[in-house]
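Engineer: Please find one structure pasted underneath; my questions will follow.
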Protein chains: 2
Amino acid sequence: MEALKQKILDEGRVLPSNVLKVDSFLNQQIDVKLMEAIGKEFALRFADDSIDKVLSIESSGIAPALMVAKELGVPMVFARKRKSLTISENVYSVDLFSYTTQKHTQVIVDQRFLTAGERILIIDDFLANGQAAEGLLKIISRAQAIPVGLGVLIEKSFQSGRQLLEKANVRTESLVRISSLVNGHVTFLDDGK
Amino acid sequence: MEALKQKILDEGRVLPSNVLKVDSFLNQQIDVKLMEAIGKEFALRFADDSIDKVLSIESSGIAPALMVAKELGVPMVFARKRKSLTISENVYSVDLFSYTTQKHTQVIVDQRFLTAGERILIIDDFLANGQAAEGLLKIISRAQAIPVGLGVLIEKSFQSGRQLLEKANVRTESLVRISSLVNGHVTFLDDGK
């Protein structure tokens, strides 16, 4: 997706440890027009997949997931993060390990919001090691819902997320694929198709 | 706002300590059509106020704030919550005390995303004791931006938030005002106009 690529080149900041900061248009300040275009693009890519619901994870996934859900005309659900392992009834819960922060987080979705047989599209901002996506897939599986695919805005192709998802047979659509962030320079793999 | 009122009557659940759960359409699962209508309603109410930016706070404020920003054609910014007081440069930071959870949270906005003189509309899901709104107002004040008003989806009129905001001379628009949650029953104050 050319508009997102250009925005990354214009405003993205590469920090140490392969961190790409996109907080001026995606993660804290949101370029709403770009987000709408992102919603339309994913809706187009998954137009023939009879999506029943869009699933994402707080906080950075909420805005793009909402725009995709709006275009598809379906509800959106976001998983919540909890710091501690508390006992909760009536929720699907998975433990998530973040390589970036080196911390465990519990991710939960109320059981009322995922139903057996529902066709689910996962939307998230980044795909790196695929831990968040894997966690959401586990939740979908426990609900006996159907993971139709994953749409991510920015894929770090030099990390293992895509391989993990291909292994799990989950169709993965990235709007932008980044092959390297070496020396503070963003290199794209291709057009993200 | 009649549609929101009806949704609260249909799906809201009153829990102990005056908690109103609206997670089936606002807070975890999102009724996207309702959220769009909410965006349009706030855009109408603040149509003549030359809003430059919508400000909210993660996570539940993001979806409504995004829809309002979309209708107004302006960017959206959301404040992030942090558990611990870490030293950060280049951010506006306030300490927030939640009566609900009895916990302190640090709330931050990157200084790049609020500019002196910008006309800011705050959007949040609930107004209860007004602590979140007060925190965001402090941040706006530090940025020397202009707090044009606060739009909340659900006001608990039996708590002190509105008084606090009136004292601070901040125009407050609530889509729904609740005067009581006694005995598990939702009583509305008026039509929220």
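A note on labels: chains of the structure tokens are A, B, ... as shown, every chain counts residues from 1, and ligands are counted from 1 in their shown order.
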So which residues of region 8-192 of chain B fall under alpha helix (DSSP H) by DSSP, listed as a count of residues only?
Structural biologist: 48
Engineer: For chain A, report every residue with an atom at most 7 Å from chain B (counting only C-alpha atoms), formatted as a ChimeraX atom specification.
Structural biologist: /A:28-32,58-59,62-63,66,70,75-78,113
Engineer: Taking N, CA, C and O atoms for each residue, export the selection above as a compact mmCIF listing (two decimals), in the first residue's frame.
Structural biologist:
# COMPACT_ATOMS: atom_id res chain seq x y z
N GLN A 28 -0.29 6.72 18.26
CA GLN A 28 -0.75 7.62 19.32
C GLN A 28 -1.53 8.78 18.69
O GLN A 28 -2.64 9.06 19.07
N GLN A 29 -0.90 9.40 17.70
CA GLN A 29 -1.67 10.31 16.85
C GLN A 29 -2.12 9.49 15.64
O GLN A 29 -1.33 8.70 15.09
N ILE A 30 -3.36 9.65 15.26
CA ILE A 30 -3.88 8.83 14.17
C ILE A 30 -4.28 9.71 12.98
O ILE A 30 -5.06 10.64 13.13
N ASP A 31 -3.70 9.39 11.83
CA ASP A 31 -4.08 10.01 10.57
C ASP A 31 -5.37 9.31 10.12
O ASP A 31 -5.34 8.19 9.61
N VAL A 32 -6.48 9.96 10.35
CA VAL A 32 -7.77 9.30 10.21
C VAL A 32 -8.07 8.94 8.75
O VAL A 32 -8.62 7.89 8.46
N GLU A 58 -5.98 -4.54 22.14
CA GLU A 58 -5.71 -3.16 22.54
C GLU A 58 -4.21 -2.90 22.61
O GLU A 58 -3.45 -3.83 22.81
N SER A 59 -3.76 -1.61 22.49
CA SER A 59 -4.58 -0.48 22.09
C SER A 59 -4.40 -0.16 20.61
O SER A 59 -5.32 0.33 19.96
N ILE A 62 -6.95 -1.21 17.74
CA ILE A 62 -8.36 -0.81 17.77
C ILE A 62 -8.75 0.06 16.57
O ILE A 62 -9.75 -0.21 15.90
N ALA A 63 -7.95 1.09 16.30
CA ALA A 63 -8.33 2.03 15.24
C ALA A 63 -8.40 1.35 13.86
O ALA A 63 -9.42 1.46 13.18
N LEU A 66 -11.35 -1.13 13.72
CA LEU A 66 -12.65 -0.46 13.66
C LEU A 66 -12.97 -0.02 12.23
O LEU A 66 -14.10 -0.17 11.76
N LYS A 70 -15.99 -1.37 9.93
CA LYS A 70 -16.93 -0.41 9.36
C LYS A 70 -17.15 -0.70 7.88
O LYS A 70 -18.28 -0.76 7.40
N PRO A 75 -19.42 -6.35 13.37
CA PRO A 75 -18.93 -5.86 14.67
C PRO A 75 -17.42 -6.06 14.82
O PRO A 75 -16.82 -6.86 14.10
N MET A 76 -16.85 -5.33 15.75
CA MET A 76 -15.43 -5.46 16.05
C MET A 76 -15.30 -5.85 17.52
O MET A 76 -16.07 -5.39 18.35
N VAL A 77 -14.33 -6.71 17.79
CA VAL A 77 -14.04 -7.10 19.18
C VAL A 77 -12.56 -6.90 19.42
O VAL A 77 -11.75 -7.23 18.56
N PHE A 78 -12.21 -6.33 20.57
CA PHE A 78 -10.77 -6.29 20.87
C PHE A 78 -10.46 -7.01 22.18
O PHE A 78 -11.19 -6.92 23.16
N PHE A 113 -18.44 -12.88 23.22
CA PHE A 113 -18.18 -12.11 22.00
C PHE A 113 -17.55 -12.91 20.87
O PHE A 113 -17.23 -12.36 19.81
Engineer: If you run DSSP on the backbone here, which positions in chain B get strand (DSSP E)? Please write them as a PyMOL selection string.
Structural biologist: chain B and resi 13-15+19-21+29-30+53-57+76-82+91-98+103-110+119-127+146-156+172-180+187-188
Engineer: Report as an mmCIF file with N, CA, C and O atoms, in the first residue's frame all protein, DNA and RNA residues lying within 9 Å of Gln159 (chain A), evaluated on only C-alpha atoms, omitting residues in the same chain fewer than 5 positions from it.
Structural biologist:
data_model
loop_
_atom_site.group_PDB
_atom_site.id
_atom_site.type_symbol
_atom_site.label_atom_id
_atom_site.label_comp_id
_atom_site.auth_asym_id
_atom_site.auth_seq_id
_atom_site.Cartn_x
_atom_site.Cartn_y
_atom_site.Cartn_z
ATOM 1 N N LEU A 127 3.185 -7.025 12.553
ATOM 2 C CA LEU A 127 3.503 -8.450 12.644
ATOM 3 C C LEU A 127 5.020 -8.557 12.736
ATOM 4 O O LEU A 127 5.729 -8.179 11.794
ATOM 5 N N ALA A 128 5.497 -9.035 13.873
ATOM 6 C CA ALA A 128 6.947 -9.202 14.050
ATOM 7 C C ALA A 128 7.206 -10.686 14.319
ATOM 8 O O ALA A 128 7.343 -11.467 13.391
ATOM 9 N N ASN A 129 7.210 -11.068 15.590
ATOM 10 C CA ASN A 129 7.382 -12.481 15.903
ATOM 11 C C ASN A 129 6.068 -13.262 15.914
ATOM 12 O O ASN A 129 6.062 -14.471 16.089
ATOM 13 N N GLY A 130 4.978 -12.541 15.774
ATOM 14 C CA GLY A 130 3.694 -13.212 15.638
ATOM 15 C C GLY A 130 3.068 -13.681 16.942
ATOM 16 O O GLY A 130 2.109 -14.448 16.928
ATOM 17 N N SER A 179 11.864 -5.368 5.018
ATOM 18 C CA SER A 179 12.872 -6.436 5.037
ATOM 19 C C SER A 179 14.049 -6.099 5.938
ATOM 20 O O SER A 179 14.791 -6.981 6.353
#
Engineer: Env of Ile8 (chain B): 9 Å cut, atoms = only C-alpha atoms, seq-sep filter 4 positions within chain, self excluded. Answer as a list in words.
Structural biologist: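 In the requested format, the answer is Ala3, Leu4, Gly12, Arg13, Leu20, Lys21, Val22, Phe25 and Val186 of chain B.
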Engineer: List as number ranges by chain the protein and nucleic acid residues near Gln106 (chain B), meaning an atom at most 6 Å away when only C-alpha atoms are counted, but skip any in the same chain fewer than 5 places from it.
Structural biologist: B: 81-82, 94-96
Engineer: How would the residues just chosen look if you wrote them out with N, CA and C atoms as a JSON list (two decimals), in the first residue's frame?
Structural biologist:
[["chain", "number", "residue", "atom", "x", "y", "z"],
["B", 81, "LYS", "N", -1.67, 5.07, 28.92],
["B", 81, "LYS", "CA", -1.56, 4.85, 30.36],
["B", 81, "LYS", "C", -0.31, 4.06, 30.67],
["B", 82, "ARG", "N", 0.34, 4.42, 31.73],
["B", 82, "ARG", "CA", 1.48, 3.65, 32.21],
["B", 82, "ARG", "C", 1.28, 3.33, 33.67],
["B", 94, "VAL", "N", 0.63, 13.26, 33.34],
["B", 94, "VAL", "CA", -0.10, 13.56, 34.58],
["B", 94, "VAL", "C", -0.39, 12.27, 35.33],
["B", 95, "ASP", "N", -0.52, 12.42, 36.63],
["B", 95, "ASP", "CA", -0.89, 11.28, 37.46],
["B", 95, "ASP", "C", -2.40, 11.26, 37.59],
["B", 96, "LEU", "N", -2.96, 10.06, 37.37],
["B", 96, "LEU", "CA", -4.41, 9.92, 37.39],
["B", 96, "LEU", "C", -4.79, 8.95, 38.50]]
Engineer: Quote the spacing between CA of Val176 (chain A) and CA of Leu121 (chain A) in Å to one decimal place.
Structural biologist: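 Spanning CA of Val176 (chain A) to CA of Leu121 (chain A) is a straight-line distance of 18.0 Å.
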Engineer: Using only C-alpha atoms, pick whichever of B:Phe97, B:Ala37, B:Arg119, B:Lys5 has the shortest atom-to-atom distance to Glu155 (chain B).
Structural biologist: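 Looking only at the distances to Glu155 (chain B), the closest residue turns out to be B:Lys5.
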Engineer: Excluding Ser174 (chain A) and residues on its chain fewer than 4 positions from it, collect all residues at most 9 Å away from it, counting only C-alpha atoms, and give them as a PyMOL selection string.
Structural biologist: chain A and resi 1+126-127+150-155+192-193
Engineer: For a quick check of understanding, using only C-alpha atoms, which of A:Gln163, A:Ser157, A:Asp124, A:Thr115 has the smallest distance to Ile178 (chain A)?
Structural biologist: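 Checking each candidate against Ile178 (chain A), we get A:Ser157 as the closest.
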Engineer: Could you tell me how far CA of Leu175 (chain A) sits from CA of Lys103 (chain A), in Å to one decimal place?
Structural biologist: 27.6 Å
Engineer: I'd like the interatomic distance between CA of Gly149 (chain B) and CA of Glu173 (chain B), to a tenth of an Å.
Structural biologist: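 It comes out at 7.7 Å.
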